[in-house]
Every structure is written in C-alpha cells, then in structure tokens.
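**Student:** Provided herewith is a single structure, encoded as structure tokens, for subsequent inquiry.
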Amino acid sequence: MTTTRPQSRLVDELQRRTLLHDLTEGAADHLAEAPRTVYIGFDPTAASLHLGSLLPVMGLLHAQRAGHTPIALVGGGTGLIGDPSGKTAERQLLSKEDVARNADGIRAQLEHFLDFGSVSNAARMRNNLDWLSGLPLVDFMRDTGKHFSVNQMLAKESVKRRVEGDEAGISFTEFSYALLQSYDFLELYRTEGCTVQMGGSDQWGNITAGIDLIRRVEGARAFGVVFPLITQSSGVKFGKSEAGAVWLDPEMTSPFRFYQYWINVEDADVVRYLRFFTLLEVDQIADLADKVESEPHARTAQRALADDVTRRLHGETGLASAKAATQALFGGDVAGLGADEISDVFADVPSSEVTRDALGGEGKSLIDLMTESGLASSKGDARRSIDGGGVYVNNVRVEDAARALTTEDTIDGRFLLIRKGKKQYHLVAIRG
RNA sequence: GGUGGGGUACCGAAGCGGUCAAACGGGGCAGACUGUAAAUCUGCUGGCAUAGCCUUCGGAGGUUCGAAUCCUCCCCCCACCA
C-alpha cells in the first residue's frame, strides 16, 4: 500500500469522490493519525452481493489503499434477525444453512476487491454468527442491554416509522437488531482493535449506537463514517436492470449483462458513478466529464466506467468476453459471423436448444420459439411484439407474425439468433 | 364490541345491472428520433384462437335473459367510538 502520506488519504479521498455523507466527531483526525482497523457489515440475504453493496465494498477498498485494515463482517448472525432499517415490512427469516452458504459466496466476491493476502494491512473477514450464536442471553441482557434506552431506540427513524406508521409494525426481533449490531462493533473493538465502522447513510443510527456502547463498556472512543445513498437521476432504484437486480456473481449476472448495465448508465449519472465505483483519479474523471459534453455519442465515459468496474470484478477474461459480445451485438454485423464465433460471443447471452427435427418440414413457429425461450410471456405477447415491429431473427426484422422458422433460417445449421427490441437477445442452439 | 368507509388487472384509481376484458394515471414492453443516454412522440399491455371463445373485479352462494355493478353469509383492511 502507499507509504508516503498513508492514512490521511482516506477521508480526503472519500471527500474528493463525494463518497462522504457524514462522519462522527473526530473521525477524520482519528483516521489521519495512524493506521486503523475499519469494518463494514454485509447482509447475507442472498448468495451474492448486488450492486447496492458495491459502494460499501469500494469504501473498504479505499480504506485499505489508505493503509487501514479493512474487515468485512458477514452478518451470519444478524442475517438471521433482519435489519429494520429502510424496510417497511417485517423480514423473511433465513435458515442457518442459507446464511452460511451465502456468507461463503460473499467472501469469494470480496476477494476481487480487497487484498486478503500477505500485506501488513490484509483484509479480514469475520462472521458475527461466531460470537452471536453462543451468546448467553442473560449475560447479554446484563452487559449490553443494560446500556440501551428503549426511549432512544423508539425515537429512531427506522423504528418510529414501523411503530407509528400505517405499516406492518415491528417485531421484538427486528427491534433488537440495533443491539446486536452494536455488540458486533464492541466485539470487533475487543478482538480486532477495530475503532471505525463505515456503512450506508441508513446505518447511521446503528453505527452511533455501537459507538455509544463501546464508550460505556470500554470507556473508549470509536468512530463512524457513512456513505451517501446512491440515486439514479431518473428516480429508478440504482442497481436494477430490465432483468432485475444486478448481482456480482457471474452465475447470476453474466459479465456481459454486468458490463451492459454500466454502458447503459445515463449521462446525468455517469460522472458520479465514475467517482463512486472506479479508482480513476479525479482529474481523469474530469476529462471524461468534458467528453460527455463535447462528444456524447462516443459514450467515452460510459465505456471507461464499464471497463473499469467489469475488469475489477470479472478480470480481463470476463471483460474481454463481455466486450466481444457487445461489439458483435451493437457494433458489427451478427449475420456475418460464423457459427464458431457466435457460440463464443454468445456464451454470455441467454440461450436454449431446439432439435433439428423440429425445424424440418413446415418448421417451428417463431411465436412458439419466443414463448419457450422466455422472450415473450405468452403467445399473444409474442404476436404483439412481432406486429409492433420489435422482433428480429438473425438481426433481420420479422414482418409476419405467422412466420415459421426452418433449417433454412439457421446460421451454419447451428444457431438461430432471436432478438426482441434493441437489447434482448436469445440464442437458440440446434441440437441433433 | 359498536358505527361508518373500503377490498377492481403489476401499482394507484374510475366504474355501481347490459354498449366492461373493464375509463384514466403510473409502471412495463415495442416503434420513431438518437448516442446501446435523457427527453419527446406513437402503439401495445388477461389467455387462446383471430373479430369468436375461455378465465378475471376479496371468498362462497343467490336474484336476473344478463352482474364488477343488486341480495345473503363469510374473510380481510381503514377511520371514529367503546
């Protein structure tokens, strides 16, 4: 890691990148004085992190680059409870097996961003199930619960909304969440010397609760740093594509779709995202911002963003395959590609199979093919899409809704490429 | 427990005996324009066959030639009162 002016970098860097929403008193000095240990919690609600967690991950990355020791805390224990923050309804509880499996998946993904290796400030991973599951209830009530005021907890926004609002109310389980997260901070303070917790701005209440607990129990100072909430200028929730949430796991969101998500970021957001999600220097980002103005059609900023983020997560290989598919789909002429190239390029694109026999004789109707492949939700839907001029076979628009496809229509007898709209591709492989 | 108001398609919200597969808005999908952007405009948005049928308006019955619309019972929400 950088050694010249190590620690003071973190807060400055976050500020330069407009990643700093708020910090507790003294946090900046504390981080500037010496290498510290900082942590962020991740909820193992799914087997993969999604884009909503990317900002905190970048936060840990910045911390590590500034010379601090990052700890990723997987909420194996708290995941069994559910954080009421930002939720309007009671959570579905996960099984212990699910949580354990999800924690493993998350660890693997974090390794793309953080150095868990031999550096002196190597990242660490902890799972709060390790200390929460064996925690004696009575001890917890005496040593931890004693320090919490129900009056204050009720005053918290996330709780208040559930208690007073028209919504679903809140169970004791979720109400207690803040205690457990505070206890995590205390535990990491004791065992890892961790003095700083970071998180999304929605975590502010939980973080300050932990700071209070450490002060009361240990008489020590701890600090908090929170990131802004990411918004999308169109108002849509960040991290959602047409196909739903964008995941970090390549099995759940292919490198191609991941790359495409970033390429499609609108102009109004792209500069901010460059600051948030890449390590490009601020002046480089300023250059890209100029390009958004001067030559918007080139999409230079979007490309830089997509390249950088995809490379970090999926490596050069993943990036290369995503770009190859992109080039073929949006740049080149798909019909001109050979079957071998197609199977390569479209490895990432949704696909299905059909037997050669089915394409014999009269062939198979495009409508059936579309419903079977999921491009259309029903035959009527498929028919309407075709009538509306939104369906293409091998990149040629289909005019006739009754169109049947035969072996004549295949590329080298091996593939059919169906496209709906501009971006939804489906590859049909011919079997037999 | 009492009184009043509600439950309509993905969401919000009209409709209150036939012209209702159900207005309108949002969302979604597609087309045009572009830059794989935004904005704008246009079309589509229950299923299957194509101007015909089937399944939908909290649930179950009933009245009627005919019900989302009327009646009965039940379930669930909300407001006020106890």
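In the structure tokens, chains take the letters A, B, ... in the order shown, each chain's residues start at 1, and ligands count up from 1 in the order shown.
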I'd like a table as a Markdown table: residues in chain B with an atom no more than 6 Å from chain A, each row giving the shortest atom pair and its distance in Å to one decimal, only C-alpha atoms (C1' of nucleotides) counted, sorted by chain and rising residue number.
**Tutor:**
| residue | atom | partner | partner_atom | distance |
| --- | --- | --- | --- | --- |
| B:A30 | C1' | A:Gly390 | CA | 5.4 |
| B:G35 | C1' | A:His297 | CA | 3.8 |
| B:A37 | C1' | A:Glu266 | CA | 4.6 |
**Student:** How would you write, as a ChimeraX atom specification, the set of residues in range 63-238 of chain A that DSSP gives as helix (DSSP H, G or I)?
**Tutor:** /A:63-65,78-80,96-110,129-132,137-143,145-147,150-155,157-164,172-175,177-192,201-218
**Student:** Taking the backbone alone, and naming residues the way the document does, which bits of range 39-212 of chain A are strand (DSSP E) by DSSP, as an mmCIF file with C-alpha atoms, in the first residue's frame?
**Tutor:**
data_model
loop_
_atom_site.group_PDB
_atom_site.id
_atom_site.type_symbol
_atom_site.label_atom_id
_atom_site.label_comp_id
_atom_site.auth_asym_id
_atom_site.auth_seq_id
_atom_site.Cartn_x
_atom_site.Cartn_y
_atom_site.Cartn_z
ATOM 1 C CA TYR A 39 -15.277 -2.557 9.319
ATOM 2 C CA ILE A 40 -18.431 -2.718 7.289
ATOM 3 C CA GLY A 41 -21.208 -5.242 7.708
ATOM 4 C CA PHE A 42 -22.750 -7.137 4.827
ATOM 5 C CA THR A 69 -7.009 -2.634 7.790
ATOM 6 C CA PRO A 70 -10.445 -3.472 6.413
ATOM 7 C CA ILE A 71 -12.726 -6.024 7.974
ATOM 8 C CA ALA A 72 -15.713 -7.337 6.110
ATOM 9 C CA LEU A 73 -18.216 -8.545 8.616
ATOM 10 C CA VAL A 74 -20.710 -11.001 7.278
ATOM 11 C CA ARG A 124 -10.031 -9.853 7.124
ATOM 12 C CA MET A 125 -13.378 -11.432 7.123
ATOM 13 C CA ARG A 126 -15.410 -12.172 10.200
ATOM 14 C CA ASN A 127 -18.809 -13.714 10.695
ATOM 15 C CA VAL A 196 -14.186 2.668 12.907
ATOM 16 C CA GLN A 197 -17.370 1.434 11.351
ATOM 17 C CA MET A 198 -18.447 2.531 7.919
ATOM 18 C CA GLY A 199 -21.701 1.956 6.091
ATOM 19 C CA GLY A 200 -24.517 3.424 4.097
#
**Student:** Within 12 Å of Thr18 in chain A, counting only C-alpha atoms (C1' of nucleotides), which residues qualify if same-chain residues fewer than 5 places away don't, as a PyMOL selection string?
**Tutor:** chain A and resi 11-13+55+59+226-230+271-277+282
**Student:** Can you pull out every residue within 10 Å of range 12-24 of chain B, counting only C-alpha atoms (C1' of nucleotides), but drop anything in the same chain fewer than 5 positions away, and send it as a PyMOL selection string?
**Tutor:** chain B and resi 46+56-57+64+66-70
**Student:** As a PDB file with N, CA and C atoms, in the first residue's frame, please: the residues near range 206-210 of chain A (cut-off 9 Å, only C-alpha atoms (C1' of nucleotides), same-chain neighbours under 2 positions excluded).
**Tutor:**
ATOM      1  N   THR A  24     -18.642  10.879  12.258  1.00  0.00           N
ATOM      2  CA  THR A  24     -18.806  11.288  13.646  1.00  0.00           C
ATOM      3  C   THR A  24     -17.643  12.192  14.042  1.00  0.00           C
ATOM      4  N   SER A  85     -33.907  -1.280   9.193  1.00  0.00           N
ATOM      5  CA  SER A  85     -33.590  -0.026   8.509  1.00  0.00           C
ATOM      6  C   SER A  85     -34.027  -0.079   7.053  1.00  0.00           C
ATOM      7  N   PHE A 148     -28.762   0.201  26.780  1.00  0.00           N
ATOM      8  CA  PHE A 148     -29.634   0.770  25.749  1.00  0.00           C
ATOM      9  C   PHE A 148     -30.908   1.324  26.348  1.00  0.00           C
ATOM     10  N   TYR A 177     -32.390  -5.465  16.673  1.00  0.00           N
ATOM     11  CA  TYR A 177     -31.288  -5.534  15.717  1.00  0.00           C
ATOM     12  C   TYR A 177     -30.160  -4.574  16.071  1.00  0.00           C
ATOM     13  N   ALA A 178     -30.533  -3.370  16.445  1.00  0.00           N
ATOM     14  CA  ALA A 178     -29.513  -2.355  16.740  1.00  0.00           C
ATOM     15  C   ALA A 178     -28.593  -2.811  17.872  1.00  0.00           C
ATOM     16  N   LEU A 179     -29.128  -3.572  18.830  1.00  0.00           N
ATOM     17  CA  LEU A 179     -28.295  -4.057  19.932  1.00  0.00           C
ATOM     18  C   LEU A 179     -27.237  -5.018  19.415  1.00  0.00           C
ATOM     19  N   LEU A 180     -27.680  -5.880  18.499  1.00  0.00           N
ATOM     20  CA  LEU A 180     -26.737  -6.883  18.006  1.00  0.00           C
ATOM     21  C   LEU A 180     -25.653  -6.232  17.153  1.00  0.00           C
ATOM     22  N   GLN A 181     -26.057  -5.275  16.334  1.00  0.00           N
ATOM     23  CA  GLN A 181     -25.041  -4.615  15.516  1.00  0.00           C
ATOM     24  C   GLN A 181     -24.074  -3.832  16.398  1.00  0.00           C
ATOM     25  N   SER A 182     -24.590  -3.258  17.447  1.00  0.00           N
ATOM     26  CA  SER A 182     -23.720  -2.553  18.385  1.00  0.00           C
ATOM     27  C   SER A 182     -22.761  -3.530  19.053  1.00  0.00           C
ATOM     28  N   TYR A 183     -23.292  -4.676  19.375  1.00  0.00           N
ATOM     29  CA  TYR A 183     -22.456  -5.686  20.018  1.00  0.00           C
ATOM     30  C   TYR A 183     -21.350  -6.145  19.067  1.00  0.00           C
ATOM     31  N   ASP A 184     -21.679  -6.238  17.789  1.00  0.00           N
ATOM     32  CA  ASP A 184     -20.658  -6.589  16.789  1.00  0.00           C
ATOM     33  C   ASP A 184     -19.489  -5.611  16.849  1.00  0.00           C
ATOM     34  N   PHE A 185     -19.836  -4.343  16.862  1.00  0.00           N
ATOM     35  CA  PHE A 185     -18.801  -3.310  16.877  1.00  0.00           C
ATOM     36  C   PHE A 185     -17.933  -3.489  18.134  1.00  0.00           C
ATOM     37  N   LEU A 186     -18.599  -3.696  19.262  1.00  0.00           N
ATOM     38  CA  LEU A 186     -17.878  -3.905  20.515  1.00  0.00           C
ATOM     39  C   LEU A 186     -16.955  -5.121  20.424  1.00  0.00           C
ATOM     40  N   GLN A 197     -16.404   2.168  12.153  1.00  0.00           N
ATOM     41  CA  GLN A 197     -17.370   1.434  11.351  1.00  0.00           C
ATOM     42  C   GLN A 197     -17.869   2.345  10.231  1.00  0.00           C
ATOM     43  N   MET A 198     -17.924   1.771   9.043  1.00  0.00           N
ATOM     44  CA  MET A 198     -18.447   2.531   7.919  1.00  0.00           C
ATOM     45  C   MET A 198     -19.738   1.848   7.449  1.00  0.00           C
ATOM     46  N   GLY A 199     -20.465   2.555   6.597  1.00  0.00           N
ATOM     47  CA  GLY A 199     -21.701   1.956   6.091  1.00  0.00           C
ATOM     48  C   GLY A 199     -22.494   2.966   5.285  1.00  0.00           C
ATOM     49  N   ASP A 202     -28.008   4.923   5.780  1.00  0.00           N
ATOM     50  CA  ASP A 202     -29.116   4.348   6.540  1.00  0.00           C
ATOM     51  C   ASP A 202     -28.628   3.615   7.784  1.00  0.00           C
ATOM     52  N   GLN A 203     -27.313   3.412   7.877  1.00  0.00           N
ATOM     53  CA  GLN A 203     -26.748   2.702   9.022  1.00  0.00           C
ATOM     54  C   GLN A 203     -26.323   3.645  10.147  1.00  0.00           C
ATOM     55  N   TRP A 204     -26.490   4.927   9.917  1.00  0.00           N
ATOM     56  CA  TRP A 204     -26.003   5.907  10.881  1.00  0.00           C
ATOM     57  C   TRP A 204     -26.460   5.602  12.308  1.00  0.00           C
ATOM     58  N   ASP A 212     -21.664   4.374  21.099  1.00  0.00           N
ATOM     59  CA  ASP A 212     -22.095   4.612  22.484  1.00  0.00           C
ATOM     60  C   ASP A 212     -21.794   3.407  23.368  1.00  0.00           C
ATOM     61  N   LEU A 213     -22.078   2.244  22.839  1.00  0.00           N
ATOM     62  CA  LEU A 213     -21.862   1.028  23.630  1.00  0.00           C
ATOM     63  C   LEU A 213     -20.391   0.861  23.983  1.00  0.00           C
ATOM     64  N   ILE A 214     -19.520   1.087  22.997  1.00  0.00           N
ATOM     65  CA  ILE A 214     -18.092   0.953  23.256  1.00  0.00           C
ATOM     66  C   ILE A 214     -17.642   1.962  24.309  1.00  0.00           C
ATOM     67  N   ARG A 215     -18.189   3.163  24.212  1.00  0.00           N
ATOM     68  CA  ARG A 215     -17.813   4.169  25.199  1.00  0.00           C
ATOM     69  C   ARG A 215     -18.265   3.753  26.591  1.00  0.00           C
ATOM     70  N   ALA A 222     -14.863   5.410  19.660  1.00  0.00           N
ATOM     71  CA  ALA A 222     -14.931   4.756  18.352  1.00  0.00           C
ATOM     72  C   ALA A 222     -15.622   5.737  17.407  1.00  0.00           C
ATOM     73  N   PHE A 223     -15.541   5.428  16.123  1.00  0.00           N
ATOM     74  CA  PHE A 223     -15.957   6.421  15.127  1.00  0.00           C
ATOM     75  C   PHE A 223     -16.787   5.792  14.012  1.00  0.00           C
ATOM     76  N   GLY A 224     -17.505   6.651  13.324  1.00  0.00           N
ATOM     77  CA  GLY A 224     -18.339   6.164  12.221  1.00  0.00           C
ATOM     78  C   GLY A 224     -18.209   7.053  10.996  1.00  0.00           C
ATOM     79  N   VAL A 225     -18.288   6.431   9.833  1.00  0.00           N
ATOM     80  CA  VAL A 225     -18.242   7.146   8.561  1.00  0.00           C
ATOM     81  C   VAL A 225     -19.337   6.551   7.685  1.00  0.00           C
ATOM     82  N   VAL A 226     -20.195   7.409   7.146  1.00  0.00           N
ATOM     83  CA  VAL A 226     -21.235   6.850   6.277  1.00  0.00           C
ATOM     84  C   VAL A 226     -21.222   7.460   4.878  1.00  0.00           C
TER      85      VAL A 226
END
**Student:** Nearest residue to Val246 in chain A out of A:Leu19, A:Ala122, A:Leu54, A:Ala103, using only C-alpha atoms?
**Tutor:**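 Of all the options, A:Leu54 lies closest to Val246 in chain A.
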**Student:** Between C1' of U40 in chain B and CA of Gln424 in chain A, what is the distance in Å, rounded to a tenth?
**Tutor:**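 That distance, rounded to one decimal, is 23.5 Å.
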**Student:** Which neighbours of C80 in chain B fall inside 12 Å, counting only C-alpha atoms (C1' of nucleotides), when residues of the same chain fewer than 6 positions from it are skipped, and could you give them as a list in words?
**Tutor:**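 What passes the distance filter is G2, U3, G4 and G5 of chain B.
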**Student:** Tell me, in Å to one decimal, how far CA of Pro255 in chain A is from CA of Ala339 in chain A.
**Tutor:**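 That distance, rounded to one decimal, is 21.3 Å.
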**Student:** Please compute the CA of Leu135 in chain A-CA of Val150 in chain A distance, one decimal, in Å.
**Tutor:**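 About the pair CA of Leu135 in chain A and CA of Val150 in chain A: they are 21.1 Å apart.
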